[in-house]
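I have placed the structure first, in the form of C-alpha cells, so that the comments after it can refer back to it.
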2 protein chains.
Amino acid sequence: MISVAAGTVKYGGDAALDRLLARAGKGAGVRLATARAVRGLIRGVLAAPEGRDPEAWMALVADRPPGALRAQLAALKARMAQARPRPGLAPSERLPALREALGGMGVDGMIVPRADAHQGEYVPASAQRLAWLTGFTGSAGAAVVLPDTAALFVDGRYTLQARTEVDPARFAIQHVTRRPPAAWIEANLPRGARLGFDPWLLTPRDVARYGEACARAGGRLVALSRNPVDRLWRDRPADPISPIRPLALRFAGRSARAKRAEIAARLAASGVDAAILSAPDSIAWLLNIRGGDVGNSPLPLAFALVGSNRRVDLFTDPRKLTAAARRHLGPEVRVRAGAELGAALDALGRAGKAVLADPATAPFWIVRRLRRAGARLREGADPCQLPKACKNAVELKGIRAAHVRDGAALTRFLAWLAREAPRGRLTEMEAARVLESMRAENEHFQGLSFPTISGAGPHGAIVHYRVTERTDRALGPGEIYLLDSGAQYLDGTTDVTRTLFIGGGRKPTAAMRDHFTRVLKGHIALAMARFPAGTSGSQLDVLARNALWQAGLEYDHGTGHGVGHFLNVHEGPQRISQVPNSVALRTGMVISNEPGFYRPGAYGIRIENLVAVRPDGEAVDGRPMLAFETLTLAPIERALIDRRLLTAEERAWLDAYHARLRKMLTPRLDAATRRWLKGATAPI
Amino acid sequence: MISVAAGTVKYGGDAALDRLLARAGKGAGVRLATARAVRGLIRGVLAAPEGRDPEAWMALVADRPPGALRAQLAALKARMAQARPRPGLAPSERLPALREALGGMGVDGMIVPRADAHQGEYVPASAQRLAWLTGFTGSAGAAVVLPDTAALFVDGRYTLQARTEVDPARFAIQHVTRRPPAAWIEANLPRGARLGFDPWLLTPRDVARYGEACARAGGRLVALSRNPVDRLWRDRPADPISPIRPLALRFAGRSARAKRAEIAARLAASGVDAAILSAPDSIAWLLNIRGGDVGNSPLPLAFALVGSNRRVDLFTDPRKLTAAARRHLGPEVRVRAGAELGAALDALGRAGKAVLADPATAPFWIVRRLRRAGARLREGADPCQLPKACKNAVELKGIRAAHVRDGAALTRFLAWLAREAPRGRLTEMEAARVLESMRAENEHFQGLSFPTISGAGPHGAIVHYRVTERTDRALGPGEIYLLDSGAQYLDGTTDVTRTLFIGGGRKPTAAMRDHFTRVLKGHIALAMARFPAGTSGSQLDVLARNALWQAGLEYDHGTGHGVGHFLNVHEGPQRISQVPNSVALRTGMVISNEPGFYRPGAYGIRIENLVAVRPDGEAVDGRPMLAFETLTLAPIERALIDRRLLTAEERAWLDAYHARLRKMLTPRLDAATRRWLKGATAPI
C-alpha cells in the first residue's frame, strides 16, 4: 500500500475529491460520499491525538481507499491542520466574559470542572474548558467563579504547577483536600445567589455535595441548559474522531459475548433491566474495543446502555466505526448517534424500567432525564468496573509479558543514561525522547500511557512535572533525577518510576540517602504485605508511609492506583490511599506501589512498581490470604540506599527482586546493558 | 448520719410514710409528698443499677431526710425489691406472640435493635428488648423478624456467645459485617411486605439503609406508632431513676458555662439555631453532670436542645434532680419532662429554626418530628462529640493520675495472682472479684467501667466473655488467662487487658509464644507510631495487624476505641479500626491500643493499653506531627514472649515501658508486690 507523506501531494480541491469518491464508489467500500462529509470527519480527526498510524482514519472514509484517494485525503488533512483557527478571546478576557454571560443567563456564578462528560482523566481538546478559562493544564481540578471572586482547586500534585500556569489575581489557588470547593462555596457564595453548572459535567454525587453547600450558604445550585464556556470559546476544537478497533481475543482473554452475558446476569440478579455506562473504559472492556479519542488511553468516547437481555446500545459518533469494527460488535450491539441517548433514556422511563446508574460517574444530565422519564432509578457502581479491574489469566499473562519488554527497554535506557548523563549535557526532554524511542521498538507498542515525567533536581519535586521547551534543563552532576513513565501495549499497560542519582564524580548527600531509603522501606513494606481477603488498599496505605513518618517526612499523593489492561493507567475501584476506600483488593487487580518524598526546590523521590494481587494461602481460621506479585522489572538505584537503615528482611527483598529481574531481562539485553545491569543489581 | 442497712427496720405502711413526709415537710426539703409518689420513684430507682452509695437516691425524696424517714425509705425500697414481678411470657412464647402482634398492626415483620433511644452501649433494663426477644445479652446487635424466618445479627466479638444464648431454631445467627441486616432483608423480605420499626430506636441513617433494602426487595419500611415488644413484655422494668450529680470543676477542667458558650458559638458560626443532643454522654460532658441510669457508665438518660443563645433545655425525668444539681445547672438550663420534647421540637419547627441533628445517633422519631413541624433540618455530627473527645489539660492530668492508681491496683492483683493461681483453685469469678476489691480501695473509685472479662483457657477466645456461676472455671496450670477490666474514677476511666500465663510448673507452647509475641509486635508498632495531623485511626490500624497477617493470623474486632473522661468506656468519634473512618486523631484524644488473637477452644490473647494523642514536633514541611502517650501502667507477661521475634527497637520499647511503670508504681506498692514487679519488668 502506498504511504503518503503529508505535503508530497497537493490537494486538488473539493470538486476533485467528490469525483474521486464517486469513482471509488462501492468497490472501495466508500462510506463518506462527499468532500463536505470528509471535511467534517477530518475536523474530528484533527481534534483527536495522532495515533501510531497517521492514516488509520482513512478507513472511516472507505474500507479500501485507492492510492489516489489516500493521497488526496492526506493532502486535505494536512491543509486543514495548517488552517488558522478562528481567533478567540485572549486569556485575560475570558473570566470577565464568562461573568457577563452568566449574568445574562440569570445566575451569579458557575462551577467549571476539569472533567468531561465521562469523568475521564484524559479529556479531548474540545472539553479542556478548565484550561481555557484558567490556564491550568493539570489532569484534575475545578474552578468556581463567583461575581467578585473565583478559585481554582487542585490537589497536592499540582499546587506548584498551578502557581506557574494561573494568574493569582484572577483565581485564588486552593488545595482541594484542605479547602474543598464545597467548603469554599459555603463560605463565599452570597446569600440568595444562584450557582450554575453544566449537568453533563457533574455527577449526581457532585450535585448533591455542591447543592448542600449552596443551601448552607443560603443560595441555590442551578443546572444550566447550555454551557456558556462553549459559546465564548470560539476557537473550540471539534469533538474527536478516531477509529474504533476490535481488541483480539488473544489479548482480551474473554469474548465480548461472554462479558455481556456476565454483566446481564448480574443486572438480572439484582432486578435491574439496564445499566447506563458512561465510562469509556468500561465500554471498551465490555465490547473488547479500543479507540483513540484522547491521549495516552486507548478510549472511544461513548455512552452505552447494557441490558439484562445482553443487548447493548452504543452511543457514539457512528463515523468512528470501520466495517471491521461493526462486524466485531455483532448484531446484539446497536450503534446509535450520541444525540439519540436522550430519547433512549425516555423510552426506558416510559416503560418503567429499573435502570442502574453510578452516582459517582454518570452525568447528572442522564440521571435527571431518567428520573423525569419515570424510570426506576437504581444507584450503584458501574457494573463493569469490578470485573474489569480483576484481570483474567490471559490479561495477566499479557501484562507480565508487557512488563518484561517494558523493563528491558527501561533498563537499556538506564544503562545508556548511566553513560551519558555524567557528561552533563543530557536534558530532561532528550532523556524522555530517548526512552520513548527505546520503548517504541517493543512489540505491541501503542504509545505512552501518560506524558513522561522527567524531572531533574528541583523539577522532581513537582509531582506531576511535565517538561516543556521552556522548562527543559540538563541533568546536572550530583543531582537526583526522577523519571515516571509508562507505555500502552496491546497486551498491557505499564507505569514505572525510578529515581536516579546523576553521579558525575559527586556523591549523594546523607539527606538524599536517608530520604530515598525511607521511601524504599515503604515500598518494600507494601510489596511484602500479606493480608486477609476483604482488606482494602486504604488499610494498607500506612505501611508505605510509616518509615517516612518516623522521620517527619510525608508525601501528598496516594500510594497506589489501579491500572487497566491496555486501558486507563489510572482505574478504579481499588486504590491504596489515605482517602477512605472500602473496596477490597481482589485477585487479579493490578495496582501501583509508589511512595515518594519531595523536597521543594531540591529534588523529588518516588519508587514505583506495578503489582498484581495474588492468592497467598489461608489464614489459620481458613480465610483466604492475599499478597502482591511485583510486575515491574527495573533496577532500583543502589547509589541512593543507606544500607544501615534497611532491616535484614528488607535487604533480602531487594536482592531477590534484583536477582529475579536480572534473570528475566538479561536474554533481551545487549552486552553493554548486561554488564551495567550486573553492577546495578549486585546484592546490597 | 445514720446508715440504714436494708432489713433492719420494717416498713410501716404507706399511711405512716405519708405522715412522716408531712412531718418532715419544708424543713427537710421534702419534694415528694406522698408514699404513692415515693413508690413511683423507687420503681425507677430499682430499675437503675445500685450505685456505690445505696442511699443516694433518698436525696430525690428530700434534700435533708431525717433519720426516721431514711429508715422507712430504705425499708420500702427493700420490700419493693423483693416483690415478684408480674409473670411474663416464657422465652419460647415471645417470637410467636410478636409475630401475631405485628400481624394485628398490619405489618409483616419488625427490626428489633439492641440500641435504646440514645444509641448507647449500656442500655437500661427497660430497653433490653433484644435480650427479651432473643436471649442474646451482648452489647451490640439486632434482630429482624419476618413471617417465616428471623435472624439475629452480631459482630465478631459475640458469635460464640450468641450461639450459647440463642435458640437457633428461632433465630438464624448472622455475622453482622459478613451478612449485614440490610443485605439479609433484601434477600428475605417477601415482595410487597411491610417491615416495621420503632422510630425511637433507629437513626435516620438506619432508616435510610433499611428503607433502601426494603425497596430493593420490593417491600416497604414502616415506622410503627408503638413498639409491640413493650406491650408483650408485661414484666418490663420501669425507666431508670438515679440522681444527677454535678462533676466538680477540678475534675472537669472547664465550666459548663464555658462549654455552652463554645458550642453556641460553633452553632452560630454554621448558621444553626439549635442542636438536638440525644447522646447522654454529650449532655453529661456539656453540663458537667453525671448520672447512674445504666451500668458502668455514669450517664443520665436524657435528651437536650442546646441553642446558639447558650440556653439548654434538658429533657429528662425531673425527679432525677436534687436541689444541688438544680443549682449547679443554673438559670440558663431548663429542666423539662421527656414528654415535653415533642412540643419543643414543634415550636422550633413553627419558628422556622435551623436545627442540627446527627443522622448517625438521633432517633428517627425526633428528625421526623422536626421535619414535619417545618424546621430547617441540618444534618451533622453531634457538636459535643469532638470537643468531648479532645480532653483538656485538667482531664488529662486526672486520667494520668487515675491510671497510676489503677495500675497499682492491677499490679498488686497480678502479683497476688502469680502466687495464688498456680495452686489451681482460683476461678475466673474469684479473680475478677479480688481485682475489683483491690480497685475499690482506690481514691475516687466509682465502679467498674464495664463487666470484667475474666477468661481462662478456651474462655479467653470468647472475645467479650462474661463469666457467670454456670460458666465459671478454674485457671488451670499451663493455661493462658485473659483479663480485660477497667474502672470509673471521678478523674478518669480506665480499660486494660493483660494476657497471663498460669505456670504451675508448665511452660507455654511455641504456638502460644508466637501468637502472643505477634500481638505484642502489633501493640508496639501502634504505640511507637508517629503520624501527621490529619491521620485517622483507620489509617493506622494495619500497623497492629501486620505481624499477625504475615503468619496468617487475624482478629475480628477493632484495634482501638475512644475512651471518655469518667464517661463511656467506648466513645467516638475516633477509632482505630478496619472500618473506614475519616475522623482525624487529635491531641488529647484517648484511645485504646488492643490487638489480639483468638484460638477457638484453646485461648485468647489481647494486650490493651490506653494511649493519649500528643503533639510530637513538626514534619520537615512544617505540618504538625502527632504520637501516642501510653497511659496504662501494668507489666506485660514476659513468659509469653518469644524474644527472637522482636526487633531491637521493639525490645527497647518494652524495656523502657516496664522501667517507667516500675518507677511510677513502686511508691504505691507493698513489699511483696514490689519484689514481684522487679522480676516481671526485668529487661527482656
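In the C-alpha cells, the first chain shown is A, the next is B, and so on; residue numbers restart at 1 for each chain, and ligands run from 1 in the order shown.
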Practice problem: May I have the residues of chain A within 9 Å of chain B, counting only C-alpha atoms, written as a PyMOL selection string? | Solution: chain A and resi 216-217+270-271+378+528-532+535-536+538-543+545-546+549-554+578-582+599+617-621+623-625
Could you please take those selected residues and save C-alpha atoms as a PDB file, in the first residue's frame?
ATOM      1  CA  ARG A 216     -25.920  26.112  53.669  1.00  0.00           C
ATOM      2  CA  ALA A 217     -24.810  29.436  52.217  1.00  0.00           C
ATOM      3  CA  SER A 270     -30.348  -7.526  41.202  1.00  0.00           C
ATOM      4  CA  GLY A 271     -33.620  -6.815  39.437  1.00  0.00           C
ATOM      5  CA  ARG A 378     -31.053   2.356  40.989  1.00  0.00           C
ATOM      6  CA  MET A 528       5.847  -7.746  51.212  1.00  0.00           C
ATOM      7  CA  ALA A 529       2.389  -7.225  52.675  1.00  0.00           C
ATOM      8  CA  ARG A 530       0.223 -10.261  53.233  1.00  0.00           C
ATOM      9  CA  PHE A 531      -3.381  -9.620  54.159  1.00  0.00           C
ATOM     10  CA  PRO A 532      -6.744 -11.344  54.504  1.00  0.00           C
ATOM     11  CA  THR A 535      -8.695  -5.836  53.076  1.00  0.00           C
ATOM     12  CA  SER A 536      -8.845  -2.538  51.188  1.00  0.00           C
ATOM     13  CA  SER A 538      -6.761   2.258  52.315  1.00  0.00           C
ATOM     14  CA  GLN A 539      -5.983  -0.149  55.117  1.00  0.00           C
ATOM     15  CA  LEU A 540      -2.531  -0.919  53.717  1.00  0.00           C
ATOM     16  CA  ASP A 541      -1.536   2.655  52.898  1.00  0.00           C
ATOM     17  CA  VAL A 542       0.254   3.372  56.176  1.00  0.00           C
ATOM     18  CA  LEU A 543       2.744   0.563  55.515  1.00  0.00           C
ATOM     19  CA  ARG A 545       4.344   5.856  54.965  1.00  0.00           C
ATOM     20  CA  ASN A 546       5.428   4.580  58.360  1.00  0.00           C
ATOM     21  CA  TRP A 549       6.564   9.495  59.256  1.00  0.00           C
ATOM     22  CA  GLN A 550       9.067   8.347  61.855  1.00  0.00           C
ATOM     23  CA  ALA A 551      11.439  10.950  60.406  1.00  0.00           C
ATOM     24  CA  GLY A 552       8.775  13.619  59.955  1.00  0.00           C
ATOM     25  CA  LEU A 553       8.537  13.050  56.200  1.00  0.00           C
ATOM     26  CA  GLU A 554       5.353  12.739  54.151  1.00  0.00           C
ATOM     27  CA  GLN A 578      -5.176   7.811  52.752  1.00  0.00           C
ATOM     28  CA  VAL A 579      -8.590   8.664  51.356  1.00  0.00           C
ATOM     29  CA  PRO A 580     -11.001   6.154  52.872  1.00  0.00           C
ATOM     30  CA  ASN A 581     -11.923   3.491  50.327  1.00  0.00           C
ATOM     31  CA  SER A 582     -13.669   0.288  51.302  1.00  0.00           C
ATOM     32  CA  ARG A 599      11.859  18.427  48.868  1.00  0.00           C
ATOM     33  CA  GLY A 617      -2.643 -19.438  51.101  1.00  0.00           C
ATOM     34  CA  GLU A 618      -5.018 -19.392  54.005  1.00  0.00           C
ATOM     35  CA  ALA A 619      -5.116 -17.909  57.456  1.00  0.00           C
ATOM     36  CA  VAL A 620      -5.264 -20.272  60.427  1.00  0.00           C
ATOM     37  CA  ASP A 621      -9.012 -19.667  60.592  1.00  0.00           C
ATOM     38  CA  ARG A 623      -9.938 -17.286  55.419  1.00  0.00           C
ATOM     39  CA  PRO A 624      -8.020 -16.735  52.165  1.00  0.00           C
ATOM     40  CA  MET A 625      -4.899 -14.609  52.371  1.00  0.00           C
TER      41      MET A 625
END
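Excluding A:Cys384 itself and same-chain residues fewer than 5 positions from it, the residues having an atom within 8 Å of it are Ile263, Ser282, Trp285 and Leu286 of chain A, counting only C-alpha atoms.
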With N, CA, C and O atoms retained, could you export that selection as a PDB file, in the first residue's frame?
ATOM      1  N   ILE A 263     -22.423  -9.618  32.663  1.00  0.00           N
ATOM      2  CA  ILE A 263     -22.994  -8.369  33.172  1.00  0.00           C
ATOM      3  C   ILE A 263     -24.519  -8.459  33.165  1.00  0.00           C
ATOM      4  O   ILE A 263     -25.192  -8.046  34.128  1.00  0.00           O
ATOM      5  N   SER A 282     -15.020   1.297  30.651  1.00  0.00           N
ATOM      6  CA  SER A 282     -15.959   0.198  30.903  1.00  0.00           C
ATOM      7  C   SER A 282     -16.520  -0.318  29.595  1.00  0.00           C
ATOM      8  O   SER A 282     -16.651  -1.530  29.381  1.00  0.00           O
ATOM      9  N   TRP A 285     -13.850  -2.224  27.676  1.00  0.00           N
ATOM     10  CA  TRP A 285     -13.652  -3.554  28.257  1.00  0.00           C
ATOM     11  C   TRP A 285     -14.798  -4.485  27.861  1.00  0.00           C
ATOM     12  O   TRP A 285     -14.577  -5.603  27.415  1.00  0.00           O
ATOM     13  N   LEU A 286     -16.032  -3.987  28.013  1.00  0.00           N
ATOM     14  CA  LEU A 286     -17.204  -4.834  27.782  1.00  0.00           C
ATOM     15  C   LEU A 286     -17.262  -5.333  26.345  1.00  0.00           C
ATOM     16  O   LEU A 286     -17.594  -6.493  26.089  1.00  0.00           O
TER      17      LEU A 286
END
Quiz item: DSSP on the backbone: what in stretch 102-325 of chain A comes out alpha helix (DSSP H), as a PyMOL selection string?
Solution: chain A and resi 102-104+129-134+159-165+181-188+204-216+228-232+249-252+256-269+280-287+323-325
Practice problem: Taking the DSSP assignment computed from this structure's backbone, write out as a ChimeraX atom specification all residues of stretch 427-488 of chain A that belong to strand (DSSP E or B). | Solution: /A:427,445-448,453-456,474,479-485,487-488
Kindly save the residues from that selection, with all heavy atoms included, as a CSV table (one decimal), in the first residue's frame.
chain,number,residue,atom,x,y,z
A,427,THR,N,19.4,16.6,28.6
A,427,THR,CA,18.3,17.3,29.2
A,427,THR,C,17.2,16.4,29.5
A,427,THR,O,17.1,15.3,29.0
A,427,THR,CB,17.8,18.4,28.3
A,427,THR,OG1,17.1,17.9,27.2
A,427,THR,CG2,19.0,19.3,27.9
A,445,PHE,N,3.8,-2.2,20.9
A,445,PHE,CA,3.8,-0.8,21.5
A,445,PHE,C,2.7,0.0,20.8
A,445,PHE,O,2.6,0.0,19.6
A,445,PHE,CB,5.2,-0.2,21.3
A,445,PHE,CG,5.3,1.2,21.7
A,445,PHE,CD1,5.4,1.5,23.1
A,445,PHE,CD2,5.2,2.3,20.8
A,445,PHE,CE1,5.5,2.8,23.6
A,445,PHE,CE2,5.3,3.6,21.3
A,445,PHE,CZ,5.5,3.9,22.7
A,446,GLN,N,2.0,0.8,21.6
A,446,GLN,CA,0.9,1.6,21.1
A,446,GLN,C,1.0,3.1,21.5
A,446,GLN,O,0.1,3.9,21.1
A,446,GLN,CB,-0.5,1.1,21.6
A,446,GLN,CG,-0.8,-0.4,21.2
A,446,GLN,CD,-1.1,-0.5,19.7
A,446,GLN,OE1,-2.0,0.1,19.2
A,446,GLN,NE2,-0.3,-1.3,19.0
A,447,GLY,N,2.0,3.4,22.2
A,447,GLY,CA,2.2,4.8,22.6
A,447,GLY,C,2.4,4.8,24.1
A,447,GLY,O,2.5,3.8,24.8
A,448,LEU,N,2.6,6.0,24.6
A,448,LEU,CA,2.9,6.2,26.1
A,448,LEU,C,1.6,6.1,26.8
A,448,LEU,O,0.5,6.6,26.3
A,448,LEU,CB,3.6,7.5,26.4
A,448,LEU,CG,5.0,7.7,25.7
A,448,LEU,CD1,5.6,9.0,26.2
A,448,LEU,CD2,5.9,6.5,26.0
A,453,ILE,N,7.1,11.9,33.0
A,453,ILE,CA,7.6,12.9,34.0
A,453,ILE,C,9.1,12.7,34.1
A,453,ILE,O,9.5,11.7,34.6
A,453,ILE,CB,6.9,12.7,35.3
A,453,ILE,CG1,5.4,12.9,35.2
A,453,ILE,CG2,7.4,13.7,36.4
A,453,ILE,CD1,4.6,12.4,36.3
A,454,SER,N,9.8,13.7,33.6
A,454,SER,CA,11.2,13.6,33.6
A,454,SER,C,11.8,14.9,34.3
A,454,SER,O,11.8,15.9,33.7
A,454,SER,CB,11.7,13.6,32.1
A,454,SER,OG,13.0,13.8,31.9
A,455,GLY,N,12.1,14.7,35.6
A,455,GLY,CA,12.3,15.9,36.4
A,455,GLY,C,13.7,15.8,37.1
A,455,GLY,O,13.9,15.0,38.0
A,456,ALA,N,14.6,16.7,36.7
A,456,ALA,CA,15.9,16.7,37.3
A,456,ALA,C,15.9,17.7,38.4
A,456,ALA,O,15.3,18.8,38.4
A,456,ALA,CB,17.0,17.1,36.2
A,474,ALA,N,19.2,20.6,32.0
A,474,ALA,CA,20.1,19.4,32.0
A,474,ALA,C,20.1,18.7,33.3
A,474,ALA,O,19.7,19.2,34.3
A,474,ALA,CB,21.5,19.9,31.7
A,479,GLU,N,23.0,15.5,41.1
A,479,GLU,CA,21.5,15.7,41.2
A,479,GLU,C,20.7,14.4,41.3
A,479,GLU,O,21.2,13.4,40.7
A,479,GLU,CB,21.0,16.6,40.1
A,479,GLU,CG,21.3,18.0,40.2
A,479,GLU,CD,20.5,18.9,39.2
A,479,GLU,OE1,20.0,18.3,38.2
A,479,GLU,OE2,20.5,20.1,39.3
A,480,ILE,N,19.5,14.5,41.8
A,480,ILE,CA,18.6,13.4,41.8
A,480,ILE,C,17.7,13.6,40.5
A,480,ILE,O,17.3,14.8,40.3
A,480,ILE,CB,17.8,13.3,43.1
A,480,ILE,CG1,18.6,12.7,44.2
A,480,ILE,CG2,16.5,12.6,42.8
A,480,ILE,CD1,17.9,12.5,45.5
A,481,TYR,N,17.4,12.5,39.8
A,481,TYR,CA,16.6,12.6,38.6
A,481,TYR,C,15.4,11.7,38.8
A,481,TYR,O,15.6,10.5,39.0
A,481,TYR,CB,17.5,12.3,37.4
A,481,TYR,CG,16.7,12.1,36.1
A,481,TYR,CD1,15.9,13.1,35.6
A,481,TYR,CD2,16.9,10.9,35.3
A,481,TYR,CE1,15.2,12.9,34.4
A,481,TYR,CE2,16.2,10.8,34.1
A,481,TYR,CZ,15.3,11.8,33.7
A,481,TYR,OH,14.6,11.6,32.5
A,482,LEU,N,14.2,12.2,38.6
A,482,LEU,CA,13.0,11.4,38.8
A,482,LEU,C,12.4,11.1,37.4
A,482,LEU,O,12.1,12.1,36.7
A,482,LEU,CB,12.1,12.1,39.7
A,482,LEU,CG,10.8,11.3,40.1
A,482,LEU,CD1,10.3,11.8,41.5
A,482,LEU,CD2,9.7,11.5,39.1
A,483,LEU,N,12.1,9.9,37.1
A,483,LEU,CA,11.6,9.5,35.8
A,483,LEU,C,10.4,8.6,36.0
A,483,LEU,O,10.5,7.5,36.4
A,483,LEU,CB,12.7,8.8,35.1
A,483,LEU,CG,12.4,8.3,33.6
A,483,LEU,CD1,12.1,9.5,32.7
A,483,LEU,CD2,13.5,7.4,33.1
A,484,ASP,N,9.2,9.1,35.7
A,484,ASP,CA,8.0,8.4,35.8
A,484,ASP,C,7.4,8.2,34.4
A,484,ASP,O,7.1,9.2,33.8
A,484,ASP,CB,7.0,9.1,36.7
A,484,ASP,CG,5.8,8.4,37.1
A,484,ASP,OD1,5.5,7.3,36.5
A,484,ASP,OD2,5.0,8.9,37.9
A,485,SER,N,7.3,7.0,33.9
A,485,SER,CA,6.9,6.8,32.6
A,485,SER,C,6.2,5.5,32.4
A,485,SER,O,6.2,4.6,33.3
A,485,SER,CB,8.2,6.8,31.7
A,485,SER,OG,8.9,5.6,32.0
A,487,ALA,N,3.9,2.8,29.2
A,487,ALA,CA,3.5,2.6,27.8
A,487,ALA,C,2.2,1.8,27.7
A,487,ALA,O,1.9,1.1,28.7
A,487,ALA,CB,4.6,1.9,27.0
A,488,GLN,N,1.6,2.0,26.6
A,488,GLN,CA,0.5,1.1,26.3
A,488,GLN,C,0.9,0.1,25.3
A,488,GLN,O,1.5,0.4,24.2
A,488,GLN,CB,-0.6,2.0,25.6
A,488,GLN,CG,-1.3,3.0,26.5
A,488,GLN,CD,-2.2,2.4,27.5
A,488,GLN,OE1,-2.4,1.2,27.6
A,488,GLN,NE2,-2.9,3.3,28.3
Self-check item: Within 8 Å of stretch 195-202 of chain A using only C-alpha atoms, minus same-chain residues under 6 positions, as a ChimeraX atom specification
Solution: /A:107-113,115-119,146,214,219-227,363-366
Write out the residues from the selection above, keeping C-alpha atoms, as a CSV table (one decimal), in the first residue's frame.
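Generated file (part_0.csv):
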chain,number,residue,atom,x,y,z
A,107,VAL,CA,-27.0,33.1,37.5
A,108,ASP,CA,-24.4,34.6,39.7
A,109,GLY,CA,-21.6,32.1,39.2
A,110,MET,CA,-20.6,28.7,37.8
A,111,ILE,CA,-18.6,25.6,38.6
A,112,VAL,CA,-16.2,24.7,35.8
A,113,PRO,CA,-14.7,21.2,36.4
A,115,ALA,CA,-13.8,16.6,33.9
A,116,ASP,CA,-15.7,15.9,30.7
A,117,ALA,CA,-19.0,14.1,30.5
A,118,HIS,CA,-17.2,10.8,31.0
A,119,GLN,CA,-15.3,11.9,34.2
A,146,LEU,CA,-18.5,34.0,41.6
A,214,CYS,CA,-25.1,26.2,48.3
A,219,GLY,CA,-28.1,30.1,47.9
A,220,ARG,CA,-29.1,27.6,45.2
A,221,LEU,CA,-27.3,25.3,42.7
A,222,VAL,CA,-28.8,25.6,39.2
A,223,ALA,CA,-28.4,23.3,36.2
A,224,LEU,CA,-27.7,25.4,33.1
A,225,SER,CA,-29.4,24.5,29.9
A,226,ARG,CA,-26.2,25.2,27.9
A,227,ASN,CA,-22.6,25.7,28.9
A,363,PRO,CA,-23.5,12.7,34.2
A,364,PHE,CA,-26.3,14.4,36.3
A,365,TRP,CA,-28.0,15.1,32.9
A,366,ILE,CA,-28.6,11.4,32.3
Quiz item: If you count only C-alpha atoms, which residues fall within 12 Å of B:Thr452, apart from same-chain ones fewer than 3 positions away, as a ChimeraX atom specification?
Solution: /B:296,428-436,447-449,455,463-468,482-487,494-498
Quiz item: For the atom pair atom CA of B:Pro49 and atom CA of B:Gln72, what is the interatomic distance in Å to one decimal place?
Solution: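 Answer for the atom CA of B:Pro49 to atom CA of B:Gln72 separation: 20.7 Å.
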Exercise. Quick one: everything within 10 Å of B:Ile641, counting only C-alpha atoms, minus sequence neighbours fewer than 6 positions away in the same chain. Send it as a list of chain:residue names.
Key: B:Pro508, B:Ala510, B:Met512, B:Arg513, B:Asp514, B:His515, B:Phe516, B:Thr517, B:Arg518, B:Val519, B:Leu520, B:Ile684
I need the chosen residues saved as a compact mmCIF listing (two decimals), in the first residue's frame, with N, CA, C and O atoms.
# COMPACT_ATOMS: atom_id res chain seq x y z
N PRO B 508 4.79 -22.46 78.47
CA PRO B 508 3.89 -22.16 77.33
C PRO B 508 4.37 -22.88 76.07
O PRO B 508 5.58 -23.12 75.91
N ALA B 510 5.15 -23.34 71.98
CA ALA B 510 5.77 -22.45 70.99
C ALA B 510 4.70 -21.62 70.29
O ALA B 510 4.89 -20.43 70.01
N MET B 512 1.78 -20.64 71.51
CA MET B 512 1.34 -19.57 72.43
C MET B 512 2.30 -18.39 72.38
O MET B 512 1.88 -17.24 72.29
N ARG B 513 3.60 -18.69 72.41
CA ARG B 513 4.59 -17.61 72.44
C ARG B 513 4.62 -16.88 71.09
O ARG B 513 4.74 -15.66 71.04
N ASP B 514 4.51 -17.62 70.01
CA ASP B 514 4.49 -16.99 68.69
C ASP B 514 3.28 -16.05 68.60
O ASP B 514 3.40 -14.89 68.20
N HIS B 515 2.12 -16.55 68.97
CA HIS B 515 0.90 -15.74 68.86
C HIS B 515 0.97 -14.50 69.76
O HIS B 515 0.67 -13.39 69.35
N PHE B 516 1.40 -14.72 71.02
CA PHE B 516 1.47 -13.59 71.95
C PHE B 516 2.46 -12.54 71.44
O PHE B 516 2.19 -11.34 71.46
N THR B 517 3.60 -13.00 70.95
CA THR B 517 4.63 -12.05 70.53
C THR B 517 4.19 -11.26 69.30
O THR B 517 4.48 -10.07 69.17
N ARG B 518 3.45 -11.90 68.42
CA ARG B 518 2.95 -11.16 67.25
C ARG B 518 1.91 -10.12 67.66
O ARG B 518 1.85 -9.03 67.09
N VAL B 519 1.07 -10.46 68.62
CA VAL B 519 0.13 -9.47 69.14
C VAL B 519 0.91 -8.30 69.76
O VAL B 519 0.60 -7.13 69.53
N LEU B 520 1.96 -8.66 70.50
CA LEU B 520 2.78 -7.63 71.14
C LEU B 520 3.46 -6.73 70.10
O LEU B 520 3.54 -5.52 70.26
N ILE B 684 14.07 -7.49 78.83
CA ILE B 684 13.78 -8.72 78.08
C ILE B 684 15.08 -9.25 77.46
O ILE B 684 15.93 -8.50 77.03
Exercise. Please provide as a PyMOL selection string all residues within 12 Å of A:Lys678, with the sequence filter that same-chain residues fewer than 2 positions apart are discarded (counting only C-alpha atoms).
Key: chain A and resi 411+415+635+638+655+658-663+665-666+669+671-676+680-683
Practice problem: Tell me, as a PyMOL selection string, which residues lie within 8 Å of stretch 39-47 of chain B, counting only C-alpha atoms; anything in the same chain fewer than 4 positions away does not count. | Solution: chain B and resi 35+57+77+80-81+124-126+237-242+319
Quiz item: If you measure from atom CA of B:Arg376 to atom CA of B:Leu345, what distance in Å do you get, rounded to one decimal?
Solution: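 Spanning atom CA of B:Arg376 to atom CA of B:Leu345 is a straight-line distance of 11.4 Å.
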Practice problem: Between atom CA of A:Phe153 and atom CA of A:Gly138, measure the distance and give it in Å to one decimal. | Solution: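 We find that atom CA of A:Phe153 and atom CA of A:Gly138 lie 10.9 Å from each other.
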Self-check item: Pick from A:Gly51, A:Asp235, A:Gly679, A:Thr559 nearest to A:Arg86, counting only C-alpha atoms
Solution: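 Using only C-alpha atoms, A:Arg86 sits closest to A:Asp235.
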